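Take a look at the structure set out below.
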Amino acid sequence: MFETWFSQADAILLARFQFAFTIAFHIIFPAFTIGLASYLAVLEGLFLKTRNPVYQKLYRYWLKIFAVAFGMGVVSGIVMSYQFGTNWSVFSDKAGPVIGPLMGYEVLTAFFLEAGFLGVMLFGMNKVGERLHYFATLMVAVGTAISAFWILSVNSWMQTPAGFAMNEQGQYVVTSWMEAIFNPSFPYRLAHMLLAAYLTTAFVVGAVGAWHLLKDKSSQAARKMFSMAMWMALIVAPLQVFVGDLHGLNTQEHQPAKVAAMEGHFKSEAKAPLYLFGWPNEEEANVDYAIKIPGLASFILKHDVNATVTGLDAFPRDEWPPVPIVFWSFRIMVGIGLLMVFIGLWSGYLRLRKQLYDRPLLHRAAVLMGPLGFVAVIAGWVVTEVGRQPWVIHGLLRTSDAASPIDAVGVGSSLVAFIVVYFLVFGAGTVYMLRKMAGNPESTHIPNYARVPMAAERLYHEEG
C-alpha cells in the first residue's frame, strides 16, 4: 500500500515534512512546561511566604497537568533525535562534532536535573519537608530553562554558525566553544523563546481562570490565577514585542534573505513599505493585493524611513526561502502577539477600575486566547526554520545535501505511523489535561502533611 502511495514522492520533501510534523507536536509541550514549571515555583514560594491556602490549592491543581505535559514533551523529543540518524545522516556526520556535544550537555545539565528532582516534586510532598520540596520545584524550573539554553544554542548555531572549522573528513569541528555556544543569534533567540513560553503558559492559566470565573466569579482560586496571568500579559507581552524587534534586527544582519521573505520584499529599495497583508507572488516577484504603509519597513528594520532594505533580488533564486509560508507565518505570530498586548492592557485598565473579575467579555476573550500562544510558537518556528531554507546550516550545508540515502517509501511509511500514533497518544494526553483544567480548583485535595496549620490558616483569614 505504501509503495503505491509514495513511489513517486520526493524522499527529501517527506523527510522534511516528517521532521516538521514531529517538532510542531514537540514544541507545544516544552513551551508549556518551561512556563508552568516557573509558575509552580512562584505558587509554592508565595504559599511558603504568605501561608495563603489558595496558592497551595493552585499548586496541587497545576502539578498534575505539568506532570502529563512534561512526560509528553520528553517522549516527543526522543523521537526527533532518532530522525537525525535515520533521515538526516549526512547532517549528523558533518555537524555531529558540534551538535552532538551540545545535545549531550543538555542531557547532563538539564534533563538529569529535571528527572532527579521531578520525583521529589511529584511524590515527595508528604515525605520531605516544605523547604526541600520547594527546592525540588525550583530545580525543575531551573532545569527547564537550562534545557532551553542548550537546545536553542544548537538551533542558533545552525542559523548563525560560529567558532568552527572544517576538518579533513569534511566535518565541522569546534575551534571555540564560547563562540559556538554564544553565536550571534543565540541571546536573542533564547530570550524570545523563553518569553514566548512564559506568555503561552500565562494565557493558558488565564484561560482556565477565566473559564472558572464565568461559572463562579467568587472563586478565590480562579480569581488568583486569572489575576496572576493578566499581570504576566500586561508586563511580558510588551517586553516580547521589544525583544522580537531586537531579534528581527539581528536576523536582518545575519540572515537578510529570511527577513526579506518575512516582509515580502522581492526588491531592494529605499523607503521600503511594510506590507500588512497581501499574497507574495514568487513567479512575478511581487506582492499581489497588497495593503502597505510606505517607508515603515525601512523605519522598523533600519530605524530610518529613507534607508534601503535588502530584498530577495540580492540573492540567487535557488537561495530564496518559500516566501508565502514565511510571510504568512510571520503575520500570524505578530498578530497573536499584538492581541496578547491588547488583552494585557485591557486587563490593566479594568484592574485600575477594580473590575477585573466583573467583566465577562474580558473573560470570554481570555478563554479564546488560551490556545493561541501555542499557535504563535509554532508559527514562529515555521518562520525560523522555513525561512532558513534552502540551508540546514545557514550558508554551509543545503537541506538537499543533508538527507540520508533512503527511498520515499521508507520515509512515507514512518510518517504515516508517526501521524497515527501521535494523534492517538498525544491526543489522549491533551484531552486528559483539558479535563483536569475543567475541574474545580477549589476542590483540589491537599495531603495531610501539607495542610496549613489551623492556627495559621485562621490567622490568615482574620488578617487578610
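Residues are named by chain letter and number: chains run A, B, ... in the order of the C-alpha cells, numbers start at 1 in each chain, and ligands are numbered from 1 in the order shown.
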
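The residue set within 9 Å of A:Tyr188, counting only C-alpha atoms and dropping same-chain residues fewer than 4 places from it, reads Pro184, His192, Met193, Val243, Gly244, Leu246, His247, Gly248 and Asn250 of chain A.
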
At most 8 Å is the cut-off: for each residue in stretch 155-244 of chain A with any atom that close to an atom of stretch 363-369 of chain A, write down the nearest atom pair and the distance in Å rounded to one decimal, counting only C-alpha atoms, chain first then increasing number, as JSON lines.
{"residue": "A:Phe203", "atom": "CA", "partner": "A:Met369", "partner_atom": "CA", "distance": 6.5}
{"residue": "A:Val204", "atom": "CA", "partner": "A:Met369", "partner_atom": "CA", "distance": 7.9}
{"residue": "A:Gly206", "atom": "CA", "partner": "A:Ala366", "partner_atom": "CA", "distance": 6.3}
{"residue": "A:Ala207", "atom": "CA", "partner": "A:Val367", "partner_atom": "CA", "distance": 4.1}
{"residue": "A:Val208", "atom": "CA", "partner": "A:Val367", "partner_atom": "CA", "distance": 7.0}
{"residue": "A:Ala210", "atom": "CA", "partner": "A:His363", "partner_atom": "CA", "distance": 4.7}
{"residue": "A:Trp211", "atom": "CA", "partner": "A:Val367", "partner_atom": "CA", "distance": 6.3}
{"residue": "A:Leu213", "atom": "CA", "partner": "A:His363", "partner_atom": "CA", "distance": 7.4}
{"residue": "A:Leu214", "atom": "CA", "partner": "A:His363", "partner_atom": "CA", "distance": 6.9}

Could those residues be written to a file, using N, CA, C and O atoms, as a PDB file, in the first residue's frame?
ATOM      1  N   PHE A 203      -1.273  32.620  29.274  1.00  0.00           N
ATOM      2  CA  PHE A 203      -2.582  32.691  28.640  1.00  0.00           C
ATOM      3  C   PHE A 203      -3.371  31.394  28.808  1.00  0.00           C
ATOM      4  O   PHE A 203      -4.602  31.417  28.794  1.00  0.00           O
ATOM      5  N   VAL A 204      -2.684  30.265  28.972  1.00  0.00           N
ATOM      6  CA  VAL A 204      -3.396  29.032  29.328  1.00  0.00           C
ATOM      7  C   VAL A 204      -3.964  29.157  30.740  1.00  0.00           C
ATOM      8  O   VAL A 204      -5.139  28.857  30.983  1.00  0.00           O
ATOM      9  N   GLY A 206      -4.541  31.906  32.353  1.00  0.00           N
ATOM     10  CA  GLY A 206      -5.580  32.927  32.309  1.00  0.00           C
ATOM     11  C   GLY A 206      -6.884  32.412  31.728  1.00  0.00           C
ATOM     12  O   GLY A 206      -7.969  32.756  32.207  1.00  0.00           O
ATOM     13  N   ALA A 207      -6.786  31.558  30.695  1.00  0.00           N
ATOM     14  CA  ALA A 207      -7.990  30.996  30.087  1.00  0.00           C
ATOM     15  C   ALA A 207      -8.715  30.082  31.063  1.00  0.00           C
ATOM     16  O   ALA A 207      -9.955  30.111  31.157  1.00  0.00           O
ATOM     17  N   VAL A 208      -7.961  29.280  31.818  1.00  0.00           N
ATOM     18  CA  VAL A 208      -8.578  28.397  32.802  1.00  0.00           C
ATOM     19  C   VAL A 208      -9.215  29.214  33.923  1.00  0.00           C
ATOM     20  O   VAL A 208     -10.345  28.938  34.347  1.00  0.00           O
ATOM     21  N   ALA A 210     -10.289  32.295  33.712  1.00  0.00           N
ATOM     22  CA  ALA A 210     -11.460  32.980  33.156  1.00  0.00           C
ATOM     23  C   ALA A 210     -12.638  32.023  32.994  1.00  0.00           C
ATOM     24  O   ALA A 210     -13.797  32.388  33.232  1.00  0.00           O
ATOM     25  N   TRP A 211     -12.339  30.787  32.581  1.00  0.00           N
ATOM     26  CA  TRP A 211     -13.392  29.762  32.418  1.00  0.00           C
ATOM     27  C   TRP A 211     -14.131  29.543  33.738  1.00  0.00           C
ATOM     28  O   TRP A 211     -15.362  29.485  33.779  1.00  0.00           O
ATOM     29  N   LEU A 213     -14.119  31.637  36.316  1.00  0.00           N
ATOM     30  CA  LEU A 213     -14.773  32.875  36.736  1.00  0.00           C
ATOM     31  C   LEU A 213     -16.136  33.042  36.070  1.00  0.00           C
ATOM     32  O   LEU A 213     -17.066  33.578  36.678  1.00  0.00           O
ATOM     33  N   LEU A 214     -16.258  32.604  34.823  1.00  0.00           N
ATOM     34  CA  LEU A 214     -17.541  32.686  34.129  1.00  0.00           C
ATOM     35  C   LEU A 214     -18.589  31.814  34.814  1.00  0.00           C
ATOM     36  O   LEU A 214     -19.789  32.105  34.757  1.00  0.00           O
TER      37      LEU A 214
END

DSSP on the backbone: which residues in stretch 341-411 of chain A end up as helix (DSSP H, G or I)? Give the answer as an mmCIF file with N, CA, C and O atoms, in the first residue's frame.
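Written out: states-v1.cif:
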data_model
loop_
_atom_site.group_PDB
_atom_site.id
_atom_site.type_symbol
_atom_site.label_atom_id
_atom_site.label_comp_id
_atom_site.auth_asym_id
_atom_site.auth_seq_id
_atom_site.Cartn_x
_atom_site.Cartn_y
_atom_site.Cartn_z
ATOM 1 N N VAL A 341 -0.830 41.732 23.753
ATOM 2 C CA VAL A 341 -0.593 43.070 24.305
ATOM 3 C C VAL A 341 -1.924 43.751 24.613
ATOM 4 O O VAL A 341 -2.104 44.364 25.682
ATOM 5 N N PHE A 342 -2.863 43.631 23.687
ATOM 6 C CA PHE A 342 -4.179 44.255 23.881
ATOM 7 C C PHE A 342 -4.891 43.684 25.100
ATOM 8 O O PHE A 342 -5.454 44.439 25.918
ATOM 9 N N ILE A 343 -4.877 42.359 25.262
ATOM 10 C CA ILE A 343 -5.531 41.736 26.412
ATOM 11 C C ILE A 343 -4.867 42.210 27.706
ATOM 12 O O ILE A 343 -5.539 42.495 28.707
ATOM 13 N N GLY A 344 -3.526 42.297 27.700
ATOM 14 C CA GLY A 344 -2.819 42.763 28.883
ATOM 15 C C GLY A 344 -3.205 44.187 29.258
ATOM 16 O O GLY A 344 -3.464 44.493 30.425
ATOM 17 N N LEU A 345 -3.262 45.075 28.260
ATOM 18 C CA LEU A 345 -3.636 46.470 28.526
ATOM 19 C C LEU A 345 -5.091 46.588 28.971
ATOM 20 O O LEU A 345 -5.421 47.378 29.870
ATOM 21 N N TRP A 346 -5.944 45.806 28.354
ATOM 22 C CA TRP A 346 -7.366 45.799 28.725
ATOM 23 C C TRP A 346 -7.530 45.362 30.180
ATOM 24 O O TRP A 346 -8.257 45.995 30.955
ATOM 25 N N SER A 347 -6.833 44.291 30.542
ATOM 26 C CA SER A 347 -6.928 43.813 31.924
ATOM 27 C C SER A 347 -6.356 44.838 32.901
ATOM 28 O O SER A 347 -6.886 45.016 34.009
ATOM 29 N N GLY A 348 -5.282 45.528 32.515
ATOM 30 C CA GLY A 348 -4.712 46.550 33.376
ATOM 31 C C GLY A 348 -5.676 47.708 33.608
ATOM 32 O O GLY A 348 -5.789 48.224 34.733
ATOM 33 N N TYR A 349 -6.369 48.089 32.559
ATOM 34 C CA TYR A 349 -7.359 49.168 32.684
ATOM 35 C C TYR A 349 -8.485 48.757 33.632
ATOM 36 O O TYR A 349 -8.882 49.528 34.523
ATOM 37 N N LEU A 350 -8.993 47.528 33.472
ATOM 38 C CA LEU A 350 -10.065 47.062 34.343
ATOM 39 C C LEU A 350 -9.587 46.851 35.768
ATOM 40 O O LEU A 350 -10.356 47.037 36.726
ATOM 41 N N ARG A 351 -8.325 46.487 35.938
ATOM 42 C CA ARG A 351 -7.788 46.321 37.289
ATOM 43 C C ARG A 351 -7.774 47.671 38.015
ATOM 44 O O ARG A 351 -8.093 47.750 39.209
ATOM 45 N N LEU A 352 -7.375 48.699 37.294
ATOM 46 C CA LEU A 352 -7.373 50.034 37.899
ATOM 47 C C LEU A 352 -8.784 50.457 38.317
ATOM 48 O O LEU A 352 -8.958 51.140 39.321
ATOM 49 N N PRO A 360 -17.419 39.845 32.027
ATOM 50 C CA PRO A 360 -17.463 38.569 31.294
ATOM 51 C C PRO A 360 -16.867 38.655 29.890
ATOM 52 O O PRO A 360 -16.345 37.666 29.374
ATOM 53 N N LEU A 361 -16.943 39.838 29.266
ATOM 54 C CA LEU A 361 -16.394 39.968 27.916
ATOM 55 C C LEU A 361 -14.889 39.728 27.917
ATOM 56 O O LEU A 361 -14.361 39.044 27.039
ATOM 57 N N LEU A 362 -14.190 40.295 28.904
ATOM 58 C CA LEU A 362 -12.756 40.035 29.038
ATOM 59 C C LEU A 362 -12.499 38.559 29.310
ATOM 60 O O LEU A 362 -11.566 37.961 28.755
ATOM 61 N N HIS A 363 -13.305 37.951 30.147
ATOM 62 C CA HIS A 363 -13.115 36.542 30.494
ATOM 63 C C HIS A 363 -13.322 35.650 29.270
ATOM 64 O O HIS A 363 -12.564 34.703 29.052
ATOM 65 N N ARG A 364 -14.316 35.961 28.473
ATOM 66 C CA ARG A 364 -14.533 35.166 27.254
ATOM 67 C C ARG A 364 -13.384 35.358 26.267
ATOM 68 O O ARG A 364 -12.948 34.397 25.609
ATOM 69 N N ALA A 365 -12.886 36.574 26.169
ATOM 70 C CA ALA A 365 -11.738 36.827 25.290
ATOM 71 C C ALA A 365 -10.513 36.066 25.776
ATOM 72 O O ALA A 365 -9.751 35.503 24.974
ATOM 73 N N ALA A 366 -10.326 36.012 27.102
ATOM 74 C CA ALA A 366 -9.186 35.283 27.663
ATOM 75 C C ALA A 366 -9.301 33.792 27.384
ATOM 76 O O ALA A 366 -8.293 33.121 27.105
ATOM 77 N N VAL A 367 -10.509 33.248 27.459
ATOM 78 C CA VAL A 367 -10.706 31.822 27.139
ATOM 79 C C VAL A 367 -10.330 31.547 25.682
ATOM 80 O O VAL A 367 -9.653 30.562 25.365
ATOM 81 N N LEU A 368 -10.763 32.419 24.786
ATOM 82 C CA LEU A 368 -10.437 32.243 23.365
ATOM 83 C C LEU A 368 -8.939 32.376 23.111
ATOM 84 O O LEU A 368 -8.394 31.736 22.201
ATOM 85 N N MET A 369 -8.258 33.185 23.921
ATOM 86 C CA MET A 369 -6.814 33.381 23.740
ATOM 87 C C MET A 369 -5.997 32.201 24.262
ATOM 88 O O MET A 369 -4.809 32.090 23.958
ATOM 89 N N LEU A 372 -3.972 30.214 21.689
ATOM 90 C CA LEU A 372 -3.299 30.984 20.643
ATOM 91 C C LEU A 372 -1.803 31.141 20.893
ATOM 92 O O LEU A 372 -1.036 31.369 19.953
ATOM 93 N N GLY A 373 -1.371 31.031 22.149
ATOM 94 C CA GLY A 373 0.059 31.066 22.411
ATOM 95 C C GLY A 373 0.793 29.940 21.706
ATOM 96 O O GLY A 373 1.891 30.135 21.161
ATOM 97 N N PHE A 374 0.193 28.744 21.701
ATOM 98 C CA PHE A 374 0.809 27.614 21.011
ATOM 99 C C PHE A 374 0.851 27.851 19.507
ATOM 100 O O PHE A 374 1.831 27.491 18.841
ATOM 101 N N VAL A 375 -0.216 28.450 18.974
ATOM 102 C CA VAL A 375 -0.242 28.770 17.537
ATOM 103 C C VAL A 375 0.886 29.739 17.208
ATOM 104 O O VAL A 375 1.586 29.583 16.196
ATOM 105 N N ALA A 376 1.085 30.752 18.062
ATOM 106 C CA ALA A 376 2.144 31.730 17.825
ATOM 107 C C ALA A 376 3.521 31.082 17.887
ATOM 108 O O ALA A 376 4.412 31.409 17.090
ATOM 109 N N VAL A 377 3.719 30.167 18.840
ATOM 110 C CA VAL A 377 5.014 29.480 18.959
ATOM 111 C C VAL A 377 5.305 28.656 17.709
ATOM 112 O O VAL A 377 6.413 28.702 17.150
ATOM 113 N N ILE A 378 4.314 27.896 17.250
ATOM 114 C CA ILE A 378 4.514 27.082 16.039
ATOM 115 C C ILE A 378 4.763 27.976 14.833
ATOM 116 O O ILE A 378 5.661 27.708 14.015
ATOM 117 N N ALA A 379 3.998 29.059 14.714
ATOM 118 C CA ALA A 379 4.204 29.985 13.591
ATOM 119 C C ALA A 379 5.596 30.588 13.644
ATOM 120 O O ALA A 379 6.261 30.749 12.608
ATOM 121 N N GLY A 380 6.069 30.922 14.850
ATOM 122 C CA GLY A 380 7.418 31.466 14.984
ATOM 123 C C GLY A 380 8.483 30.492 14.558
ATOM 124 O O GLY A 380 9.467 30.864 13.899
ATOM 125 N N TRP A 381 8.306 29.221 14.916
ATOM 126 C CA TRP A 381 9.286 28.219 14.495
ATOM 127 C C TRP A 381 9.216 27.952 12.997
ATOM 128 O O TRP A 381 10.234 27.630 12.370
ATOM 129 N N VAL A 382 8.047 28.080 12.403
ATOM 130 C CA VAL A 382 7.951 27.961 10.940
ATOM 131 C C VAL A 382 8.756 29.079 10.287
ATOM 132 O O VAL A 382 9.504 28.848 9.320
ATOM 133 N N VAL A 383 8.619 30.295 10.810
ATOM 134 C CA VAL A 383 9.406 31.417 10.279
ATOM 135 C C VAL A 383 10.897 31.120 10.414
ATOM 136 O O VAL A 383 11.682 31.312 9.474
ATOM 137 N N THR A 384 11.305 30.630 11.579
ATOM 138 C CA THR A 384 12.716 30.363 11.837
ATOM 139 C C THR A 384 13.275 29.280 10.925
ATOM 140 O O THR A 384 14.350 29.459 10.327
ATOM 141 N N GLU A 385 12.564 28.162 10.817
ATOM 142 C CA GLU A 385 13.104 27.007 10.098
ATOM 143 C C GLU A 385 12.875 27.086 8.593
ATOM 144 O O GLU A 385 13.785 26.817 7.808
ATOM 145 N N VAL A 386 11.673 27.434 8.176
ATOM 146 C CA VAL A 386 11.411 27.546 6.737
ATOM 147 C C VAL A 386 12.141 28.749 6.166
ATOM 148 O O VAL A 386 12.644 28.714 5.038
ATOM 149 N N THR A 399 19.868 21.747 2.666
ATOM 150 C CA THR A 399 18.971 20.692 3.136
ATOM 151 C C THR A 399 18.971 19.510 2.181
ATOM 152 O O THR A 399 18.951 18.351 2.609
ATOM 153 N N SER A 400 19.024 19.787 0.893
ATOM 154 C CA SER A 400 19.019 18.711 -0.104
ATOM 155 C C SER A 400 20.268 17.844 -0.040
ATOM 156 O O SER A 400 20.253 16.698 -0.493
ATOM 157 N N ASP A 401 21.349 18.378 0.524
ATOM 158 C CA ASP A 401 22.595 17.618 0.637
ATOM 159 C C ASP A 401 22.770 16.971 2.007
ATOM 160 O O ASP A 401 23.776 16.306 2.249
ATOM 161 N N ALA A 408 11.627 7.058 -0.753
ATOM 162 C CA ALA A 408 10.437 7.760 -0.285
ATOM 163 C C ALA A 408 9.472 6.826 0.433
ATOM 164 O O ALA A 408 8.763 7.253 1.341
ATOM 165 N N VAL A 409 9.445 5.557 0.047
ATOM 166 C CA VAL A 409 8.515 4.614 0.676
ATOM 167 C C VAL A 409 8.841 4.436 2.153
ATOM 168 O O VAL A 409 7.952 4.419 3.020
ATOM 169 N N GLY A 410 10.147 4.324 2.466
ATOM 170 C CA GLY A 410 10.557 4.165 3.853
ATOM 171 C C GLY A 410 10.203 5.370 4.692
ATOM 172 O O GLY A 410 9.693 5.244 5.822
ATOM 173 N N VAL A 411 10.467 6.567 4.161
ATOM 174 C CA VAL A 411 10.147 7.792 4.898
ATOM 175 C C VAL A 411 8.635 7.963 5.016
ATOM 176 O O VAL A 411 8.103 8.295 6.085
#

If you run DSSP on the backbone, which residues of stretch 212-341 of chain A are strand (DSSP E), as a ChimeraX atom specification? /A:269-270,274-281,286-293,308-309

Which neighbours of A:Ala307 fall inside 9 Å, counting only C-alpha atoms, when residues of the same chain fewer than 2 positions from it are skipped, and could you give them as JSON, numbers by chain? {"A": [269, 270, 271, 272, 295, 298, 299, 301, 302, 303, 304, 305, 309]}

For the residues in the current selection, export N, CA, C and O atoms as a PDB file, in the first residue's frame.
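So the final result, stored in again.pdb, reads:
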ATOM      1  N   GLU A 269      14.990  48.275  -1.949  1.00  0.00           N
ATOM      2  CA  GLU A 269      14.522  49.625  -2.237  1.00  0.00           C
ATOM      3  C   GLU A 269      14.598  50.513  -1.004  1.00  0.00           C
ATOM      4  O   GLU A 269      14.574  50.045   0.130  1.00  0.00           O
ATOM      5  N   ALA A 270      14.730  51.815  -1.256  1.00  0.00           N
ATOM      6  CA  ALA A 270      14.657  52.807  -0.189  1.00  0.00           C
ATOM      7  C   ALA A 270      13.189  53.072   0.147  1.00  0.00           C
ATOM      8  O   ALA A 270      12.293  52.812  -0.665  1.00  0.00           O
ATOM      9  N   LYS A 271      12.974  53.570   1.343  1.00  0.00           N
ATOM     10  CA  LYS A 271      11.615  53.812   1.820  1.00  0.00           C
ATOM     11  C   LYS A 271      10.738  52.575   1.607  1.00  0.00           C
ATOM     12  O   LYS A 271       9.610  52.643   1.099  1.00  0.00           O
ATOM     13  N   ALA A 272      11.282  51.402   2.012  1.00  0.00           N
ATOM     14  CA  ALA A 272      10.581  50.140   1.800  1.00  0.00           C
ATOM     15  C   ALA A 272       9.267  50.111   2.565  1.00  0.00           C
ATOM     16  O   ALA A 272       9.214  50.487   3.743  1.00  0.00           O
ATOM     17  N   GLY A 295       7.408  53.213   3.569  1.00  0.00           N
ATOM     18  CA  GLY A 295       8.526  53.630   4.406  1.00  0.00           C
ATOM     19  C   GLY A 295       8.602  52.991   5.781  1.00  0.00           C
ATOM     20  O   GLY A 295       9.631  53.095   6.452  1.00  0.00           O
ATOM     21  N   SER A 298      11.402  50.271   6.292  1.00  0.00           N
ATOM     22  CA  SER A 298      12.731  50.879   6.432  1.00  0.00           C
ATOM     23  C   SER A 298      12.919  51.438   7.836  1.00  0.00           C
ATOM     24  O   SER A 298      13.989  51.302   8.435  1.00  0.00           O
ATOM     25  N   PHE A 299      11.858  52.036   8.383  1.00  0.00           N
ATOM     26  CA  PHE A 299      11.955  52.601   9.730  1.00  0.00           C
ATOM     27  C   PHE A 299      12.123  51.500  10.781  1.00  0.00           C
ATOM     28  O   PHE A 299      12.927  51.632  11.710  1.00  0.00           O
ATOM     29  N   LEU A 301      13.254  48.285  10.316  1.00  0.00           N
ATOM     30  CA  LEU A 301      14.459  47.469  10.142  1.00  0.00           C
ATOM     31  C   LEU A 301      15.746  48.279  10.217  1.00  0.00           C
ATOM     32  O   LEU A 301      16.792  47.756  10.626  1.00  0.00           O
ATOM     33  N   LYS A 302      15.688  49.537   9.815  1.00  0.00           N
ATOM     34  CA  LYS A 302      16.891  50.377   9.797  1.00  0.00           C
ATOM     35  C   LYS A 302      16.791  51.595  10.712  1.00  0.00           C
ATOM     36  O   LYS A 302      17.768  52.332  10.867  1.00  0.00           O
ATOM     37  N   HIS A 303      15.603  51.800  11.280  1.00  0.00           N
ATOM     38  CA  HIS A 303      15.346  52.972  12.124  1.00  0.00           C
ATOM     39  C   HIS A 303      15.574  54.279  11.358  1.00  0.00           C
ATOM     40  O   HIS A 303      15.955  55.294  11.920  1.00  0.00           O
ATOM     41  N   ASP A 304      15.332  54.187  10.044  1.00  0.00           N
ATOM     42  CA  ASP A 304      15.462  55.354   9.167  1.00  0.00           C
ATOM     43  C   ASP A 304      14.479  55.159   8.019  1.00  0.00           C
ATOM     44  O   ASP A 304      14.599  54.213   7.236  1.00  0.00           O
ATOM     45  N   VAL A 305      13.486  56.020   7.920  1.00  0.00           N
ATOM     46  CA  VAL A 305      12.440  55.850   6.928  1.00  0.00           C
ATOM     47  C   VAL A 305      12.973  55.908   5.502  1.00  0.00           C
ATOM     48  O   VAL A 305      12.352  55.382   4.562  1.00  0.00           O
ATOM     49  N   VAL A 309      16.361  48.825   2.159  1.00  0.00           N
ATOM     50  CA  VAL A 309      16.189  47.497   2.744  1.00  0.00           C
ATOM     51  C   VAL A 309      16.511  46.458   1.682  1.00  0.00           C
ATOM     52  O   VAL A 309      16.048  46.552   0.545  1.00  0.00           O
TER      53      VAL A 309
END

Nearest residue to A:Leu48 from the set A:Gly412, A:Met232, A:Glu130, A:Phe19 (distances using only C-alpha atoms):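 With only C-alpha atoms as the atom set, the closest residue is A:Glu130.
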
Min atom-atom distance to A:Ser156 from the set A:Leu132, A:Ile78, A:Leu312, A:Leu190, counting only C-alpha atoms, belongs to A:Leu190

At a cut-off of 12 Å, using only C-alpha atoms, what residues contact A:Ala222? Leave out same-chain residues fewer than 5 positions from it and give the result as a ChimeraX atom specification. /A:54-55,57-58,61,205-217,227-229,356-357,363,437-443

Please report the interatomic distance between atom CA of A:Phe277 and atom CA of A:Leu195 in Å with one decimal. 26.2 Å
